[in-house]
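S.K.: Following this line is run07.txt, made up of compact mmCIF, C-alpha atoms:
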# COMPACT_ATOMS: atom_id res chain seq x y z
CA MET A 285 43.28 -14.51 -123.93
CA ILE A 286 46.80 -13.14 -124.30
CA VAL A 287 49.39 -15.51 -125.76
CA SER A 288 51.13 -17.35 -122.93
CA SER A 289 54.15 -18.47 -124.92
CA TYR A 290 55.55 -18.70 -128.41
CA ALA A 291 55.30 -22.49 -128.13
CA ASP A 292 51.56 -22.26 -127.43
CA LEU A 293 51.10 -19.99 -130.43
CA ALA A 294 53.10 -22.37 -132.63
CA ALA A 295 50.90 -25.27 -131.53
CA GLU A 296 47.73 -23.34 -132.34
CA LEU A 297 49.03 -22.42 -135.79
CA SER A 298 50.15 -25.99 -136.43
CA ALA A 299 46.58 -27.18 -135.94
CA LEU A 300 45.66 -24.92 -138.90
CA GLY A 301 48.42 -26.31 -141.12
CA LEU A 302 50.52 -23.17 -140.61
CA ILE A 303 53.90 -22.58 -138.97
CA ALA A 304 55.16 -19.94 -136.56
CA ARG A 305 58.31 -18.83 -138.35
CA GLY A 306 60.12 -16.83 -135.74
CA GLY A 307 59.88 -13.16 -134.97
CA PHE A 308 61.61 -10.18 -133.47
CA ALA A 309 61.21 -7.23 -131.16
CA VAL A 310 60.00 -4.28 -133.20
CA ARG A 311 62.25 -1.23 -133.44
CA PRO A 312 61.11 2.39 -133.82
CA GLU A 313 62.52 2.52 -137.34
CA ASP A 314 60.20 -0.34 -138.40
CA GLY A 315 57.34 2.16 -138.49
CA LEU A 316 54.88 -0.17 -136.74
CA ASP A 317 53.34 2.16 -134.19
CA GLY A 318 51.93 0.40 -131.16
CA VAL A 319 53.61 -2.90 -132.01
CA ALA A 320 56.21 -4.43 -129.69
CA THR A 321 56.62 -7.94 -131.14
CA LEU A 322 56.19 -9.40 -134.62
CA VAL A 323 55.75 -13.12 -135.30
CA LEU A 324 55.80 -14.40 -138.86
CA VAL A 325 53.35 -17.06 -140.01
CA GLY A 326 53.86 -19.26 -143.03
CA ASN A 327 54.01 -22.75 -144.45
CA ALA A 328 56.64 -25.18 -145.62
CA GLY A 329 56.31 -28.20 -147.86
CA PRO A 330 52.94 -29.78 -148.68
CA ALA A 331 51.65 -30.09 -145.10
CA PHE A 332 49.32 -27.08 -145.13
CA TRP A 333 47.65 -27.91 -148.47
CA PRO A 334 44.95 -30.25 -147.04
CA ALA A 335 43.88 -27.58 -144.52
CA PHE A 336 43.59 -24.95 -147.24
CA ALA A 337 41.82 -27.34 -149.63
CA ALA A 338 39.25 -28.18 -146.95
CA GLY A 339 38.47 -24.52 -146.21
CA ARG A 340 38.87 -23.08 -149.69
CA ARG A 341 36.03 -21.04 -151.16
CA THR A 342 35.30 -19.73 -154.64
CA GLU A 343 36.46 -16.14 -154.23
CA PRO A 344 39.19 -13.78 -155.45
CA ASP A 345 42.64 -14.66 -154.07
CA PRO A 346 41.37 -17.77 -152.26
CA LEU A 347 44.65 -18.56 -150.50
CA ASP A 348 45.07 -15.10 -148.98
CA ALA A 349 41.39 -15.06 -148.04
CA TRP A 350 41.70 -18.44 -146.32
CA VAL A 351 44.80 -17.37 -144.39
CA ARG A 352 43.02 -14.26 -143.14
CA ARG A 353 39.93 -16.25 -142.11
CA ALA A 354 42.11 -18.77 -140.29
CA LEU A 355 44.26 -16.19 -138.50
CA GLU A 356 41.76 -13.53 -137.45
CA PRO A 357 40.23 -15.69 -134.67
CA VAL A 358 43.72 -16.66 -133.49
CA ALA A 359 44.79 -13.01 -133.43
CA ARG A 360 41.76 -12.05 -131.35
CA ARG A 361 42.46 -14.82 -128.84
CA VAL A 362 46.13 -13.92 -128.41
CA GLY A 363 45.76 -10.15 -128.43
CA ALA A 364 47.41 -9.47 -131.78
CA ARG A 365 46.42 -8.16 -135.19
CA VAL A 366 47.07 -9.68 -138.59
CA ALA A 367 49.28 -8.15 -141.29
CA MET A 368 49.33 -9.66 -144.77
CA PRO A 369 51.75 -9.26 -147.68
CA ASP A 370 48.98 -7.79 -149.83
CA ASP A 371 48.05 -5.09 -147.29
CA GLY A 372 48.89 -1.81 -148.95
CA PRO A 373 50.19 0.21 -150.54
CA PRO A 374 52.50 0.78 -148.84
CA TYR A 375 53.31 -2.91 -148.56
CA HIS A 376 55.01 -4.52 -145.62
CA PRO A 377 58.66 -5.62 -146.17
CA PHE A 378 58.04 -9.33 -145.54
CA GLN A 379 61.35 -10.47 -147.03
CA GLN A 380 63.28 -8.11 -144.76
CA TRP A 381 61.23 -9.28 -141.79
CA ALA A 382 61.91 -12.90 -142.68
CA MET A 383 65.67 -12.39 -142.77
CA ARG A 384 65.50 -10.98 -139.24
CA ALA A 385 63.41 -13.90 -137.95
CA GLU A 386 64.96 -16.96 -139.63
CA PRO A 387 68.22 -18.02 -141.32
CA VAL A 388 66.93 -17.39 -144.85
CA HIS A 389 68.95 -15.82 -147.64
CA PRO A 390 68.19 -14.42 -151.11
CA ALA A 391 68.48 -17.09 -153.81
CA PRO A 392 69.24 -16.48 -157.50
CA LEU A 393 65.56 -17.05 -158.36
CA GLY A 394 64.53 -14.05 -156.29
CA LEU A 395 63.04 -16.19 -153.52
CA LEU A 396 64.37 -16.65 -150.01
CA ILE A 397 66.06 -20.00 -149.50
CA HIS A 398 65.77 -21.81 -146.16
CA PRO A 399 68.54 -24.21 -145.06
CA ALA A 400 66.04 -27.06 -144.54
CA TYR A 401 63.00 -26.18 -146.68
CA GLY A 402 64.96 -24.88 -149.64
CA LEU A 403 62.59 -22.89 -151.86
CA TRP A 404 59.48 -24.79 -150.75
CA HIS A 405 58.12 -22.41 -148.17
CA ALA A 406 56.28 -19.10 -147.92
CA TYR A 407 55.45 -16.31 -145.50
CA ARG A 408 51.70 -15.78 -145.43
CA ALA A 409 51.13 -13.25 -142.66
CA ALA A 410 52.49 -11.67 -139.51
CA LEU A 411 50.95 -11.38 -136.07
CA LEU A 412 51.59 -7.97 -134.52
CA PHE A 413 51.56 -7.85 -130.72
CA PRO A 414 51.30 -4.64 -128.68
CA THR A 415 53.39 -6.17 -125.88
CA ALA A 416 56.68 -8.01 -125.68
CA ILE A 417 56.54 -11.80 -125.83
CA GLY A 418 59.35 -14.28 -125.43
CA LEU A 419 60.78 -15.49 -128.72
CA PRO A 420 63.20 -18.29 -129.53
CA GLU A 421 66.69 -17.21 -130.49
CA PRO A 422 66.82 -17.42 -134.28
CA PRO A 423 69.27 -20.07 -135.47
CA THR A 424 72.09 -19.06 -137.76
CA ALA A 425 73.05 -20.78 -141.00
CA ALA A 426 75.06 -19.77 -144.04
CA GLY A 427 73.25 -19.29 -147.31
CA PRO A 428 73.38 -22.61 -149.21
CA CYS A 429 73.61 -20.87 -152.59
CA GLU A 430 77.10 -19.61 -151.76
CA THR A 431 78.54 -23.13 -151.93
CA CYS A 432 76.17 -24.61 -154.51
CA VAL A 433 78.16 -26.20 -157.34
CA GLY A 434 76.94 -25.10 -160.75
CA ARG A 435 73.79 -23.39 -159.47
CA PRO A 436 71.47 -25.66 -161.51
CA CYS A 437 68.50 -23.36 -160.87
CA LEU A 438 69.98 -20.87 -163.32
CA SER A 439 70.20 -23.34 -166.22
CA ALA A 440 66.99 -25.36 -165.74
CA CYS A 441 64.51 -22.85 -167.15
CA PRO A 442 63.55 -23.78 -170.75
CA VAL A 443 63.57 -20.12 -171.82
CA GLY A 444 66.45 -18.88 -169.68
CA ALA A 445 64.23 -16.61 -167.61
CA PHE A 446 66.74 -16.61 -164.75
CA ASP A 447 70.33 -15.48 -164.91
CA ALA A 448 72.81 -13.63 -162.75
CA SER A 449 71.29 -10.29 -163.75
CA GLY A 450 67.71 -11.03 -162.74
CA TYR A 451 64.40 -12.60 -163.71
CA ASP A 452 62.60 -12.14 -167.03
CA VAL A 453 59.02 -12.52 -165.83
CA ASP A 454 57.52 -11.93 -169.29
CA ALA A 455 59.57 -14.76 -170.82
CA CYS A 456 58.57 -17.03 -167.95
CA ARG A 457 54.86 -16.30 -168.23
CA GLY A 458 54.97 -16.48 -172.02
CA HIS A 459 56.46 -19.96 -171.98
CA ALA A 460 54.46 -21.37 -169.05
CA GLY A 461 51.21 -20.13 -170.54
CA GLY A 462 52.01 -21.32 -174.08
CA PRO A 463 51.72 -24.63 -175.91
CA ASP A 464 55.17 -25.82 -174.79
CA GLY A 465 54.72 -24.91 -171.13
CA ALA A 466 52.74 -27.90 -169.85
CA ALA A 467 55.62 -29.18 -167.70
CA CYS A 468 55.87 -25.84 -165.92
CA ARG A 469 52.10 -25.35 -165.63
CA ASP A 470 51.36 -28.81 -164.28
CA GLY A 471 54.47 -29.58 -162.25
CA GLY A 472 55.69 -26.18 -161.15
CA CYS A 473 58.73 -24.09 -161.95
CA LEU A 474 61.53 -26.28 -163.34
CA ALA A 475 64.18 -23.90 -162.02
CA ARG A 476 62.73 -24.19 -158.52
CA HIS A 477 62.73 -27.99 -158.82
CA ALA A 478 66.38 -27.94 -159.88
CA CYS A 479 67.52 -26.58 -156.51
CA PRO A 480 69.07 -29.45 -154.52
CA VAL A 481 68.10 -27.99 -151.13
CA GLY A 482 64.88 -29.09 -149.44
CA ARG A 483 63.63 -31.45 -152.14
CA ASP A 484 61.76 -33.51 -149.55
CA TYR A 485 59.56 -30.44 -148.97
CA ALA A 486 58.53 -29.95 -152.60
CA TYR A 487 54.86 -29.09 -153.02
CA GLY A 488 52.50 -31.76 -154.33
CA PRO A 489 51.11 -31.65 -157.89
CA GLU A 490 47.79 -30.03 -156.93
CA GLN A 491 49.53 -27.31 -154.95
CA GLN A 492 52.04 -26.71 -157.74
CA ALA A 493 49.28 -26.35 -160.33
CA PHE A 494 47.35 -23.94 -158.08
CA HIS A 495 50.32 -21.59 -157.67
CA MET A 496 51.14 -21.67 -161.37
CA ALA A 497 47.52 -20.91 -162.29
CA ALA A 498 47.62 -17.93 -159.92
CA PHE A 499 50.86 -16.75 -161.54
CA LEU A 500 49.62 -16.93 -165.13
CA PRO A 501 47.24 -14.34 -166.59
CA ARG A 502 43.87 -15.95 -167.18
CA SER A 503 44.06 -15.11 -170.87
CA ARG A 504 47.24 -17.19 -171.20
CA GLN A 505 45.98 -20.28 -169.36
CA PRO A 506 44.92 -23.11 -171.68
Render the structure in this file as structure tokens.

M.R.:
Amino acid sequence: MIVSSYADLAAELSALGLIARGGFAVRPEDGLDGVATLVLVGNAGPAFWPAFAAGRRTEPDPLDAWVRRALEPVARRVGARVAMPDDGPPYHPFQQWAMRAEPVHPAPLGLLIHPAYGLWHAYRAALLFPTAIGLPEPPTAAGPCETCVGRPCLSACPVGAFDASGYDVDACRGHAGGPDGAACRDGGCLARHACPVGRDYAYGPEQQAFHMAAFLPRSRQP
């Protein structure tokens, strides 16, 4: 079966706990030979966690593995192939793709901020179609960080890992994996929580702990 519409694809992904997150017509300079249309797939908020938890297996990179297992049958049905952020090297420019497909903007924490979801979203894969399909016109929205008073995300980190010059990943991991880092380990990044945008979409405790455990080296986890 070839995808009949973007809406049908979005409905099929929704049944898996995933979201169709816009797309674009591929240009020659994108370097995706044989691809005419790209549709991004991701999640927002805690809605996808039950689907992942139900299908999770004990394996390396269980979230990426689950996404691939969930999407490969969909891709076959709709005549597409799956691209993942970890495919490579060379790696696909998912952040650049996202900014072409949705009104997301770089935030001070190095993540892309969405006008509704805030920082509580992710891009998990892309479906690459060899033919053109109709896509919704991407909405436009200004980056919320430009008018954010005080930028609380930059002052919420206990070890000042974020500032206007960048992100000190070693300081972050050192604190979160140490004896004083329980709040970060168990509840998620405090700087991310400090962002006022999209708080209703914040991940649940189990999801937060999963992502933090994946971020920390095993030798630093208590």

S.K.: Which of these residues is nearest to A:Cys432, using all atoms listed in the file: A:Asp470, A:Gly461, A:Val453, A:Cys479?

M.R.: A:Cys479

S.K.: Please provide the set of residues having any atom within 12 Å of A:Val362, restricted to all atoms listed in the file, with same-chain residues fewer than 2 positions apart removed, written as a PDB file with C-alpha atoms, in the frame of the given file.

M.R.:
ATOM      1  CA  MET A 285      43.280 -14.510-123.930  1.00  0.00           C
ATOM      2  CA  ILE A 286      46.800 -13.140-124.300  1.00  0.00           C
ATOM      3  CA  VAL A 287      49.390 -15.510-125.760  1.00  0.00           C
ATOM      4  CA  SER A 288      51.130 -17.350-122.930  1.00  0.00           C
ATOM      5  CA  SER A 289      54.150 -18.470-124.920  1.00  0.00           C
ATOM      6  CA  TYR A 290      55.550 -18.700-128.410  1.00  0.00           C
ATOM      7  CA  ASP A 292      51.560 -22.260-127.430  1.00  0.00           C
ATOM      8  CA  LEU A 293      51.100 -19.990-130.430  1.00  0.00           C
ATOM      9  CA  ALA A 294      53.100 -22.370-132.630  1.00  0.00           C
ATOM     10  CA  GLU A 296      47.730 -23.340-132.340  1.00  0.00           C
ATOM     11  CA  LEU A 297      49.030 -22.420-135.790  1.00  0.00           C
ATOM     12  CA  VAL A 323      55.750 -13.120-135.300  1.00  0.00           C
ATOM     13  CA  LEU A 355      44.260 -16.190-138.500  1.00  0.00           C
ATOM     14  CA  GLU A 356      41.760 -13.530-137.450  1.00  0.00           C
ATOM     15  CA  PRO A 357      40.230 -15.690-134.670  1.00  0.00           C
ATOM     16  CA  VAL A 358      43.720 -16.660-133.490  1.00  0.00           C
ATOM     17  CA  ALA A 359      44.790 -13.010-133.430  1.00  0.00           C
ATOM     18  CA  ARG A 360      41.760 -12.050-131.350  1.00  0.00           C
ATOM     19  CA  ALA A 364      47.410  -9.470-131.780  1.00  0.00           C
ATOM     20  CA  ARG A 365      46.420  -8.160-135.190  1.00  0.00           C
ATOM     21  CA  VAL A 366      47.070  -9.680-138.590  1.00  0.00           C
ATOM     22  CA  LEU A 411      50.950 -11.380-136.070  1.00  0.00           C
ATOM     23  CA  LEU A 412      51.590  -7.970-134.520  1.00  0.00           C
ATOM     24  CA  PHE A 413      51.560  -7.850-130.720  1.00  0.00           C
ATOM     25  CA  PRO A 414      51.300  -4.640-128.680  1.00  0.00           C
ATOM     26  CA  THR A 415      53.390  -6.170-125.880  1.00  0.00           C
ATOM     27  CA  ILE A 417      56.540 -11.800-125.830  1.00  0.00           C
TER      28      ILE A 417
END

S.K.: Which polymer residues, whether protein, DNA or RNA, lie within 7 Å of the coordinate (66.1, -19.1, -157.9) when you count only C-alpha atoms? List them as a list in words, using the chain letters and numbers from the file.

M.R.: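 Counting only C-alpha atoms, I find these residues within 7 Å of (66.1, -19.1, -157.9): Ala391, Pro392, Leu393, Gly394, Leu395, Cys437, Leu438, Ala475 and Arg476 of chain A.
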
S.K.: For A:Asp484, which of A:Gly418, A:Gly402, A:Pro377, A:Pro344 is the closest residue, counting all atoms listed in the file?

M.R.: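 The answer is A:Gly402, which sits nearest to A:Asp484.
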
S.K.: Using all atoms listed in the file for the distances, tell me which of A:His477, A:Pro422, A:Leu500, A:Gly434 is nearest to A:Ala455.

M.R.: A:Leu500

S.K.: Which distance in Å separates atom CA of A:Leu403 and atom CA of A:Arg311, to one decimal?

M.R.: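 The value is 28.4 Å.
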
S.K.: Under the rule that all atoms listed in the file are counted, which of A:Ala367, A:Leu302, A:Ala467, A:Ala295 is the nearest residue to A:Leu316?

M.R.: A:Ala367

S.K.: To one decimal place, how far is atom CA of A:Pro428 from atom CA of A:Ala478 in Å?

M.R.: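 These two atoms are separated by 13.8 Å.
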
S.K.: Using all atoms listed in the file, which residue out of A:Gln379, A:Asn327, A:Thr424, A:Thr321 lies closest to A:Phe308?

M.R.: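 Closest residue, counting all atoms listed in the file: A:Thr321.
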
S.K.: Rounded to one decimal, what separation in Å do you get between atom CA of A:Arg408 and atom CA of A:Met368?

M.R.: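 Going from atom CA of A:Arg408 over to atom CA of A:Met368, I get 6.6 Å.
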
S.K.: Which residue out of A:Pro373, A:Gly301, A:Gly458, A:Pro480 has the minimum interatomic distance to A:Cys429 when only C-alpha atoms are used?

M.R.: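 Residue with the minimum atom-to-atom distance to A:Cys429: A:Pro480.
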
S.K.: I'd like the contact shell of A:Ala337 - 12 Å cut-off, all atoms listed in the file, skipping same-chain residues fewer than 3 positions apart - returned as JSON, numbers by chain.

M.R.: {"A": [300, 301, 330, 331, 332, 333, 334, 340, 341, 342, 346, 347, 350, 351, 490, 491, 494]}

S.K.: Which residues are close to A:Asp314, i.e. within 12 Å by all atoms listed in the file, leaving aside same-chain residues fewer than 2 positions away? Reply as an mmCIF file with C-alpha atoms, in the frame of the given file.

M.R.:
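Result file around37.cif:
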data_model
loop_
_atom_site.group_PDB
_atom_site.id
_atom_site.type_symbol
_atom_site.label_atom_id
_atom_site.label_comp_id
_atom_site.auth_asym_id
_atom_site.auth_seq_id
_atom_site.Cartn_x
_atom_site.Cartn_y
_atom_site.Cartn_z
ATOM 1 C CA PHE A 308 61.610 -10.180 -133.470
ATOM 2 C CA ALA A 309 61.210 -7.230 -131.160
ATOM 3 C CA VAL A 310 60.000 -4.280 -133.200
ATOM 4 C CA ARG A 311 62.250 -1.230 -133.440
ATOM 5 C CA PRO A 312 61.110 2.390 -133.820
ATOM 6 C CA LEU A 316 54.880 -0.170 -136.740
ATOM 7 C CA ASP A 317 53.340 2.160 -134.190
ATOM 8 C CA GLY A 318 51.930 0.400 -131.160
ATOM 9 C CA VAL A 319 53.610 -2.900 -132.010
ATOM 10 C CA ALA A 320 56.210 -4.430 -129.690
ATOM 11 C CA THR A 321 56.620 -7.940 -131.140
ATOM 12 C CA LEU A 322 56.190 -9.400 -134.620
ATOM 13 C CA HIS A 376 55.010 -4.520 -145.620
ATOM 14 C CA PRO A 377 58.660 -5.620 -146.170
ATOM 15 C CA PHE A 378 58.040 -9.330 -145.540
ATOM 16 C CA GLN A 380 63.280 -8.110 -144.760
ATOM 17 C CA TRP A 381 61.230 -9.280 -141.790
ATOM 18 C CA ARG A 384 65.500 -10.980 -139.240
#

S.K.: Would you save stretch 460-471 of chain A to a file, keeping all heavy atoms, as a PDB file, in the first residue's frame?

M.R.:
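What landed in out_10.pdb:
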ATOM      1  N   ALA A 460      24.998  14.949  38.013  1.00  0.00           N
ATOM      2  CA  ALA A 460      23.826  14.068  37.973  1.00  0.00           C
ATOM      3  C   ALA A 460      24.165  12.646  38.395  1.00  0.00           C
ATOM      4  O   ALA A 460      23.326  11.943  38.960  1.00  0.00           O
ATOM      5  CB  ALA A 460      23.220  14.070  36.579  1.00  0.00           C
ATOM      6  N   GLY A 461      25.401  12.226  38.136  1.00  0.00           N
ATOM      7  CA  GLY A 461      25.800  10.876  38.509  1.00  0.00           C
ATOM      8  C   GLY A 461      26.414  10.772  39.889  1.00  0.00           C
ATOM      9  O   GLY A 461      26.767   9.681  40.326  1.00  0.00           O
ATOM     10  N   GLY A 462      26.539  11.897  40.603  1.00  0.00           N
ATOM     11  CA  GLY A 462      27.177  11.919  41.908  1.00  0.00           C
ATOM     12  C   GLY A 462      26.193  11.877  43.059  1.00  0.00           C
ATOM     13  O   GLY A 462      24.975  11.817  42.878  1.00  0.00           O
ATOM     14  N   PRO A 463      26.704  11.965  44.278  1.00  0.00           N
ATOM     15  CA  PRO A 463      25.851  11.834  45.468  1.00  0.00           C
ATOM     16  C   PRO A 463      24.836  12.952  45.635  1.00  0.00           C
ATOM     17  O   PRO A 463      23.820  12.771  46.311  1.00  0.00           O
ATOM     18  CB  PRO A 463      26.861  11.818  46.623  1.00  0.00           C
ATOM     19  CG  PRO A 463      28.103  12.451  46.066  1.00  0.00           C
ATOM     20  CD  PRO A 463      28.132  12.091  44.625  1.00  0.00           C
ATOM     21  N   ASP A 464      25.084  14.120  45.037  1.00  0.00           N
ATOM     22  CA  ASP A 464      24.154  15.244  45.170  1.00  0.00           C
ATOM     23  C   ASP A 464      23.211  15.369  43.978  1.00  0.00           C
ATOM     24  O   ASP A 464      22.452  16.336  43.878  1.00  0.00           O
ATOM     25  CB  ASP A 464      24.932  16.557  45.330  1.00  0.00           C
ATOM     26  CG  ASP A 464      25.792  16.567  46.585  1.00  0.00           C
ATOM     27  OD1 ASP A 464      25.342  16.001  47.608  1.00  0.00           O
ATOM     28  OD2 ASP A 464      26.899  17.129  46.536  1.00  0.00           O
ATOM     29  N   GLY A 465      23.246  14.402  43.068  1.00  0.00           N
ATOM     30  CA  GLY A 465      22.483  14.546  41.833  1.00  0.00           C
ATOM     31  C   GLY A 465      21.172  13.797  41.777  1.00  0.00           C
ATOM     32  O   GLY A 465      20.607  13.628  40.688  1.00  0.00           O
ATOM     33  N   ALA A 466      20.638  13.386  42.929  1.00  0.00           N
ATOM     34  CA  ALA A 466      19.411  12.577  42.919  1.00  0.00           C
ATOM     35  C   ALA A 466      18.242  13.309  42.274  1.00  0.00           C
ATOM     36  O   ALA A 466      17.439  12.708  41.555  1.00  0.00           O
ATOM     37  CB  ALA A 466      19.053  12.145  44.334  1.00  0.00           C
ATOM     38  N   ALA A 467      18.121  14.607  42.510  1.00  0.00           N
ATOM     39  CA  ALA A 467      16.993  15.352  41.943  1.00  0.00           C
ATOM     40  C   ALA A 467      17.042  15.328  40.419  1.00  0.00           C
ATOM     41  O   ALA A 467      16.001  15.194  39.762  1.00  0.00           O
ATOM     42  CB  ALA A 467      17.001  16.791  42.460  1.00  0.00           C
ATOM     43  N   CYS A 468      18.220  15.447  39.867  1.00  0.00           N
ATOM     44  CA  CYS A 468      18.374  15.401  38.408  1.00  0.00           C
ATOM     45  C   CYS A 468      18.162  13.985  37.885  1.00  0.00           C
ATOM     46  O   CYS A 468      17.491  13.784  36.870  1.00  0.00           O
ATOM     47  CB  CYS A 468      19.756  15.895  38.006  1.00  0.00           C
ATOM     48  SG  CYS A 468      20.149  17.565  38.553  1.00  0.00           S
ATOM     49  N   ARG A 469      18.742  13.012  38.565  1.00  0.00           N
ATOM     50  CA  ARG A 469      18.629  11.611  38.110  1.00  0.00           C
ATOM     51  C   ARG A 469      17.181  11.139  38.115  1.00  0.00           C
ATOM     52  O   ARG A 469      16.721  10.488  37.186  1.00  0.00           O
ATOM     53  CB  ARG A 469      19.442  10.677  39.022  1.00  0.00           C
ATOM     54  CG  ARG A 469      20.901  10.608  38.739  1.00  0.00           C
ATOM     55  CD  ARG A 469      21.541   9.414  39.439  1.00  0.00           C
ATOM     56  NE  ARG A 469      21.258   9.357  40.867  1.00  0.00           N
ATOM     57  CZ  ARG A 469      21.958   9.992  41.796  1.00  0.00           C
ATOM     58  NH1 ARG A 469      22.974  10.761  41.444  1.00  0.00           N
ATOM     59  NH2 ARG A 469      21.651   9.884  43.070  1.00  0.00           N
ATOM     60  N   ASP A 470      16.474  11.446  39.190  1.00  0.00           N
ATOM     61  CA  ASP A 470      15.135  10.885  39.376  1.00  0.00           C
ATOM     62  C   ASP A 470      14.041  11.712  38.712  1.00  0.00           C
ATOM     63  O   ASP A 470      13.034  11.169  38.274  1.00  0.00           O
ATOM     64  CB  ASP A 470      14.822  10.752  40.865  1.00  0.00           C
ATOM     65  CG  ASP A 470      15.800   9.833  41.588  1.00  0.00           C
ATOM     66  OD1 ASP A 470      16.430   8.988  40.912  1.00  0.00           O
ATOM     67  OD2 ASP A 470      15.935   9.962  42.819  1.00  0.00           O
ATOM     68  N   GLY A 471      14.238  13.022  38.648  1.00  0.00           N
ATOM     69  CA  GLY A 471      13.176  13.883  38.137  1.00  0.00           C
ATOM     70  C   GLY A 471      13.459  14.522  36.804  1.00  0.00           C
ATOM     71  O   GLY A 471      12.598  15.188  36.241  1.00  0.00           O
TER      72      GLY A 471
END
